[in-house]
>>> print(open('data.csv').read())   # CSV, C-alpha atoms
chain,number,residue,atom,x,y,z
A,867,MET,CA,0.0,0.0,0.0
A,868,THR,CA,1.4,3.4,-0.9
A,869,GLU,CA,2.1,6.0,1.7
A,870,ARG,CA,-0.7,8.2,0.4
A,871,LYS,CA,-3.2,5.3,0.7
A,872,GLN,CA,-2.0,4.6,4.3
A,873,LEU,CA,-2.6,8.3,5.2
A,874,GLN,CA,-6.0,8.2,3.6
A,875,LYS,CA,-6.8,5.0,5.5
A,876,LYS,CA,-5.7,6.6,8.8
A,877,LEU,CA,-7.8,9.7,8.0
A,878,LEU,CA,-10.8,7.5,7.3
A,879,PHE,CA,-10.6,5.8,10.7
A,880,GLU,CA,-10.1,9.2,12.4
A,881,TYR,CA,-13.3,10.3,10.7
A,882,GLU,CA,-14.9,7.1,12.0
A,883,ASP,CA,-13.9,8.1,15.6
A,884,ILE,CA,-15.3,11.6,15.1
A,885,LEU,CA,-18.5,10.1,13.7
A,886,ASN,CA,-18.9,7.8,16.7
A,887,LYS,CA,-18.7,10.8,19.0
A,888,SER,CA,-21.1,12.8,16.8
A,889,ILE,CA,-23.8,10.0,16.7
A,890,GLU,CA,-23.4,9.6,20.5
A,891,ALA,CA,-24.2,13.3,20.9
A,892,LEU,CA,-27.0,13.1,18.3
A,893,ASP,CA,-28.6,10.1,20.0
A,894,TYR,CA,-28.4,11.9,23.4
A,895,SER,CA,-30.2,15.0,22.0
A,896,PHE,CA,-32.7,12.8,20.1
A,897,ASN,CA,-33.7,11.0,23.3
A,898,LYS,CA,-34.1,14.3,25.2
A,899,CYS,CA,-36.3,15.6,22.4
A,900,VAL,CA,-38.4,12.5,22.3
A,901,ALA,CA,-39.1,13.0,26.0
A,902,ILE,CA,-40.2,16.6,25.3
A,903,GLY,CA,-42.3,15.5,22.3
A,904,LEU,CA,-43.7,17.6,19.5
A,905,LYS,CA,-46.0,20.4,20.7
A,906,LYS,CA,-47.5,23.6,19.6
A,907,ASP,CA,-45.3,25.8,21.8
A,908,TYR,CA,-42.0,25.2,23.5
A,909,THR,CA,-40.3,26.7,26.5
A,910,LEU,CA,-36.9,28.4,25.9
A,911,ASP,CA,-35.2,25.3,27.4
A,912,GLU,CA,-37.2,23.0,25.2
A,913,SER,CA,-36.4,25.1,22.1
A,914,GLU,CA,-32.7,25.1,23.1
A,915,THR,CA,-32.8,21.3,23.4
A,916,PHE,CA,-34.4,20.9,20.0
A,917,GLU,CA,-31.9,23.4,18.5
A,918,ALA,CA,-29.1,21.3,19.9
A,919,LEU,CA,-30.7,18.3,18.1
A,920,THR,CA,-30.8,20.2,14.8
A,921,SER,CA,-27.2,21.3,15.1
A,922,ARG,CA,-26.0,17.8,16.0
A,923,PHE,CA,-28.0,16.4,13.1
A,924,ALA,CA,-26.5,18.8,10.6
A,925,ARG,CA,-23.0,18.1,11.9
A,926,THR,CA,-23.4,14.4,11.8
A,927,SER,CA,-24.7,14.6,8.2
A,928,ASP,CA,-21.7,16.7,7.2
A,929,ILE,CA,-19.2,14.5,8.8
A,930,PHE,CA,-20.7,11.4,7.3
A,931,THR,CA,-21.1,12.6,3.8
A,932,GLN,CA,-18.5,15.3,3.3
A,933,LYS,CA,-15.7,13.7,5.3
A,934,TYR,CA,-16.2,10.0,5.9
A,935,LEU,CA,-17.8,8.8,2.7
A,936,ARG,CA,-15.7,11.1,0.5
A,937,CYS,CA,-12.6,9.9,2.1
A,938,PHE,CA,-13.7,6.3,1.6
A,939,PHE,CA,-14.3,6.9,-2.1
A,940,GLU,CA,-11.0,8.6,-2.5
A,941,LEU,CA,-9.3,5.6,-0.8
A,942,ILE,CA,-10.9,3.2,-3.3
A,943,GLU,CA,-10.2,5.7,-6.1
A,944,GLU,CA,-13.8,6.4,-7.1
A,945,TYR,CA,-14.9,10.0,-7.4
A,946,PRO,CA,-18.7,10.4,-7.5
A,947,ASN,CA,-19.6,13.9,-8.8
A,948,THR,CA,-22.8,14.5,-6.9
A,949,MET,CA,-24.3,13.7,-3.5
A,950,ILE,CA,-26.9,11.5,-5.3
A,951,ASP,CA,-24.1,9.6,-7.1
A,952,MET,CA,-22.1,9.2,-3.9
A,953,LEU,CA,-25.1,7.8,-1.9
A,954,ASN,CA,-26.2,5.5,-4.8
A,955,ASN,CA,-22.6,4.2,-5.0
A,956,ALA,CA,-22.6,3.7,-1.2
A,957,GLU,CA,-25.8,1.8,-1.4
A,958,LYS,CA,-24.4,-0.4,-4.2
A,959,LYS,CA,-21.4,-1.2,-2.1
A,960,GLY,CA,-23.6,-2.1,0.9
A,961,LEU,CA,-22.5,0.9,3.0
A,962,ILE,CA,-26.0,2.2,3.4
A,963,ASN,CA,-29.5,1.0,2.9
A,964,GLN,CA,-31.7,4.1,2.7
A,965,THR,CA,-30.4,6.4,0.0
A,966,ASP,CA,-33.7,8.4,-0.2
A,967,ALA,CA,-33.8,9.0,3.6
A,968,LEU,CA,-30.2,10.1,3.5
A,969,LEU,CA,-31.0,12.5,0.7
A,970,ASP,CA,-33.8,13.8,2.8
A,971,ALA,CA,-31.4,14.2,5.7
A,972,ARG,CA,-29.0,16.1,3.4
A,973,LYS,CA,-31.8,18.5,2.4
A,974,LEU,CA,-32.8,19.0,6.0
A,975,ARG,CA,-29.1,19.7,6.8
A,976,ASN,CA,-29.0,22.3,4.1
A,977,ASP,CA,-32.2,23.9,5.5
A,978,ILE,CA,-30.7,23.9,9.0
A,979,ALA,CA,-27.4,25.4,7.8
A,980,HIS,CA,-28.4,27.9,5.1
A,981,GLU,CA,-32.0,29.1,5.5
A,982,TYR,CA,-33.9,31.3,7.9
A,983,TRP,CA,-36.6,28.9,8.9
A,984,ILE,CA,-38.0,30.2,12.1
A,985,GLU,CA,-41.5,30.0,10.6
A,986,ASN,CA,-40.9,26.3,9.9
A,987,LEU,CA,-39.1,25.6,13.2
A,988,LYS,CA,-41.6,23.0,14.5
A,989,GLN,CA,-41.6,21.2,11.1
A,990,LYS,CA,-37.8,21.0,11.2
A,991,PHE,CA,-37.9,19.6,14.7
A,992,ALA,CA,-40.3,16.9,13.5
A,993,GLU,CA,-38.1,16.1,10.6
A,994,CYS,CA,-35.0,15.8,12.8
A,995,LEU,CA,-36.9,13.4,15.1
A,996,LYS,CA,-37.9,11.3,12.1
A,997,LEU,CA,-34.5,11.2,10.4
A,998,SER,CA,-32.1,11.1,13.4
A,999,PRO,CA,-32.6,7.3,14.1
A,1000,ILE,CA,-32.1,6.6,10.4
A,1001,MET,CA,-29.0,8.7,10.3
A,1002,ILE,CA,-27.6,7.0,13.4
A,1003,GLY,CA,-28.4,3.6,12.0
A,1004,GLU,CA,-26.9,4.2,8.6
A,1005,VAL,CA,-23.7,5.6,10.0
A,1006,LYS,CA,-23.2,2.7,12.4
A,1007,ASN,CA,-24.0,0.1,9.7
A,1008,SER,CA,-21.5,1.7,7.3
A,1009,PHE,CA,-18.6,1.2,9.7
A,1010,LEU,CA,-18.4,-2.6,9.4
A,1011,ARG,CA,-18.8,-2.7,5.6
A,1012,VAL,CA,-16.2,0.1,5.1
A,1013,ARG,CA,-13.8,-1.8,7.3
A,1014,GLU,CA,-14.3,-5.0,5.2
A,1015,ILE,CA,-13.7,-3.2,2.0
A,1016,VAL,CA,-10.7,-1.3,3.3
A,1017,GLN,CA,-9.1,-4.5,4.6
A,1018,SER,CA,-9.1,-5.9,1.0
A,1019,ILE,CA,-7.1,-2.9,-0.3
>>> encode(input="data.csv", output="structure tokens")
Amino acid sequence: MTERKQLQKKLLFEYEDILNKSIEALDYSFNKCVAIGLKKDYTLDESETFEALTSRFARTSDIFTQKYLRCFFELIEEYPNTMIDMLNNAEKKGLINQTDALLDARKLRNDIAHEYWIENLKQKFAECLKLSPIMIGEVKNSFLRVREIVQSI
């Protein structure tokens, strides 16, 4: 294995460690928000808890797609052009199972990061509650398959 590939492999596993911490924090916020539940009005503390969830959701999505999966595809010398291509390739390789849900998660991440959505705040909270368990599951499931593929390089 070339030195470059060894460095990419090391970086991939560093991203895996970061992702593990990120999904742990996301799961923590998810469970707190489930306990609060969806409602018409939230206290400031409840809003803050949900905002932590949306932030952790967006961060986990970014790390998974923009760091971890991109690093994996570079390591195996494949270079998908778009997010859809990358997720479709990941599904074909058995890294993920729910491409459509992860595309929805990416759209939600973009809404969280780039739009003023105060008027849609409760809808975004509901979407985060729906997609967080999927995101957590897909990330965790990808680790084993990625390790199998990387071992064969």
>>> residues_around(input="data.csv", residues="Gln872 of chain A", least_positions_apart="6", cutoff="12 Å", atoms="all atoms listed in the file", output="ChimeraX atom specification")
/A:878-879,940-942,1016-1017,1019
>>> atom_distance(input="data.csv", atom1="atom CA of Leu1010 of chain A", atom2="atom CA of Leu919 of chain A")
25.8 Å
>>> closest_residue(input="data.csv", among="A:Cys994, A:Leu968, A:Leu877, A:Ile889", to="Phe916 of chain A", atoms="all atoms listed in the file")
A:Cys994
>>> closest_atom_pairs(input="data.csv", of="segment 908-975 of chain A", to="segment 898-901 of chain A", cutoff="12 Å", atoms="all atoms listed in the file", output="tab-separated table")
residue	atom	partner	partner_atom	distance
A:Tyr908	CA	A:Cys899	CA	11.2
A:Asp911	CA	A:Cys899	CA	11.0
A:Glu912	CA	A:Cys899	CA	8.0
A:Ser913	CA	A:Cys899	CA	9.5
A:Glu914	CA	A:Cys899	CA	10.2
A:Thr915	CA	A:Cys899	CA	6.8
A:Phe916	CA	A:Cys899	CA	6.1
A:Glu917	CA	A:Cys899	CA	9.8
A:Ala918	CA	A:Cys899	CA	9.5
A:Leu919	CA	A:Cys899	CA	7.6
A:Thr920	CA	A:Cys899	CA	10.4
>>> residues_around(input="data.csv", residues="Ser998 of chain A", least_positions_apart="3", cutoff="8 Å", atoms="all atoms listed in the file", output="NGL selection string")
:A and (892-893 or 896 or 923 or 994-995 or 1001-1002)
>>> residues_around(input="data.csv", residues="Leu885 of chain A", least_positions_apart="6", cutoff="10 Å", atoms="only C-alpha atoms", output="PyMOL selection string")
chain A and resi 879+891+925-930+933-934+1002+1005-1006+1009
>>> residues_around(input="data.csv", residues="Gln964 of chain A", least_positions_apart="2", cutoff="12 Å", atoms="all atoms listed in the file", output="PyMOL selection string")
chain A and resi 950+953-958+960-962+966-971+997+999-1005+1007-1008
>>> atom_distance(input="data.csv", atom1="atom CA of Arg972 of chain A", atom2="atom CA of Phe938 of chain A")
18.3 Å
>>> build_atoms(input="data.csv", residues="segment 1001-1012 of chain A", atoms="all heavy atoms", output="compact mmCIF listing (two decimals), in the frame of the given file")
# COMPACT_ATOMS: atom_id res chain seq x y z
N MET A 1001 -30.35 8.26 10.43
CA MET A 1001 -29.00 8.70 10.30
C MET A 1001 -28.03 7.92 11.19
O MET A 1001 -26.99 7.42 10.75
CB MET A 1001 -28.86 10.22 10.61
CG MET A 1001 -27.45 10.77 10.63
SD MET A 1001 -26.69 10.93 9.03
CE MET A 1001 -27.68 12.25 8.38
N ILE A 1002 -28.40 7.77 12.44
CA ILE A 1002 -27.60 7.00 13.40
C ILE A 1002 -27.38 5.59 12.92
O ILE A 1002 -26.27 5.06 12.92
CB ILE A 1002 -28.21 7.08 14.81
CG1 ILE A 1002 -28.13 8.51 15.35
CG2 ILE A 1002 -27.53 6.08 15.75
CD1 ILE A 1002 -29.01 8.76 16.57
N GLY A 1003 -28.47 4.94 12.51
CA GLY A 1003 -28.40 3.60 12.00
C GLY A 1003 -27.53 3.40 10.80
O GLY A 1003 -26.71 2.48 10.71
N GLU A 1004 -27.71 4.29 9.84
CA GLU A 1004 -26.90 4.20 8.60
C GLU A 1004 -25.45 4.42 8.86
O GLU A 1004 -24.61 3.73 8.28
CB GLU A 1004 -27.45 5.22 7.57
CG GLU A 1004 -28.83 4.91 7.02
CD GLU A 1004 -28.87 3.67 6.14
OE1 GLU A 1004 -27.89 3.35 5.44
OE2 GLU A 1004 -29.92 3.00 6.16
N VAL A 1005 -25.11 5.38 9.70
CA VAL A 1005 -23.70 5.60 10.00
C VAL A 1005 -23.10 4.39 10.69
O VAL A 1005 -22.04 3.90 10.29
CB VAL A 1005 -23.55 6.87 10.91
CG1 VAL A 1005 -22.13 6.98 11.46
CG2 VAL A 1005 -23.92 8.14 10.15
N LYS A 1006 -23.77 3.87 11.70
CA LYS A 1006 -23.20 2.70 12.40
C LYS A 1006 -23.10 1.51 11.47
O LYS A 1006 -22.10 0.78 11.53
CB LYS A 1006 -24.15 2.33 13.58
CG LYS A 1006 -24.04 3.26 14.76
CD LYS A 1006 -24.96 2.81 15.89
CE LYS A 1006 -24.81 3.68 17.11
NZ LYS A 1006 -25.72 3.23 18.20
N ASN A 1007 -24.08 1.29 10.62
CA ASN A 1007 -24.00 0.10 9.70
C ASN A 1007 -22.92 0.27 8.69
O ASN A 1007 -22.39 -0.73 8.22
CB ASN A 1007 -25.38 -0.03 9.00
CG ASN A 1007 -26.46 -0.54 9.92
OD1 ASN A 1007 -26.20 -1.18 10.93
ND2 ASN A 1007 -27.70 -0.24 9.58
N SER A 1008 -22.57 1.51 8.33
CA SER A 1008 -21.50 1.70 7.30
C SER A 1008 -20.16 1.29 7.83
O SER A 1008 -19.31 0.86 7.05
CB SER A 1008 -21.50 3.15 6.85
OG SER A 1008 -20.97 3.99 7.84
N PHE A 1009 -19.93 1.41 9.14
CA PHE A 1009 -18.60 1.20 9.70
C PHE A 1009 -18.08 -0.24 9.35
O PHE A 1009 -16.94 -0.40 8.91
CB PHE A 1009 -18.56 1.37 11.19
CG PHE A 1009 -18.74 2.80 11.64
CD1 PHE A 1009 -19.22 3.07 12.90
CD2 PHE A 1009 -18.43 3.86 10.82
CE1 PHE A 1009 -19.38 4.38 13.34
CE2 PHE A 1009 -18.59 5.18 11.24
CZ PHE A 1009 -19.06 5.43 12.51
N LEU A 1010 -18.88 -1.25 9.57
CA LEU A 1010 -18.40 -2.60 9.40
C LEU A 1010 -18.12 -2.88 7.88
O LEU A 1010 -17.06 -3.43 7.55
CB LEU A 1010 -19.49 -3.62 9.85
CG LEU A 1010 -19.15 -5.09 9.71
CD1 LEU A 1010 -17.87 -5.43 10.47
CD2 LEU A 1010 -20.29 -5.95 10.19
N ARG A 1011 -19.01 -2.44 7.01
CA ARG A 1011 -18.80 -2.70 5.60
C ARG A 1011 -17.58 -1.90 5.06
O ARG A 1011 -16.79 -2.44 4.27
CB ARG A 1011 -20.05 -2.30 4.79
CG ARG A 1011 -19.96 -2.57 3.33
CD ARG A 1011 -19.90 -4.07 3.02
NE ARG A 1011 -19.78 -4.25 1.59
CZ ARG A 1011 -18.90 -5.03 0.99
NH1 ARG A 1011 -18.08 -5.78 1.72
NH2 ARG A 1011 -18.83 -5.10 -0.31
N VAL A 1012 -17.41 -0.68 5.51
CA VAL A 1012 -16.20 0.10 5.10
C VAL A 1012 -14.97 -0.63 5.55
O VAL A 1012 -14.02 -0.77 4.78
CB VAL A 1012 -16.29 1.54 5.69
CG1 VAL A 1012 -14.92 2.21 5.61
CG2 VAL A 1012 -17.33 2.36 4.96
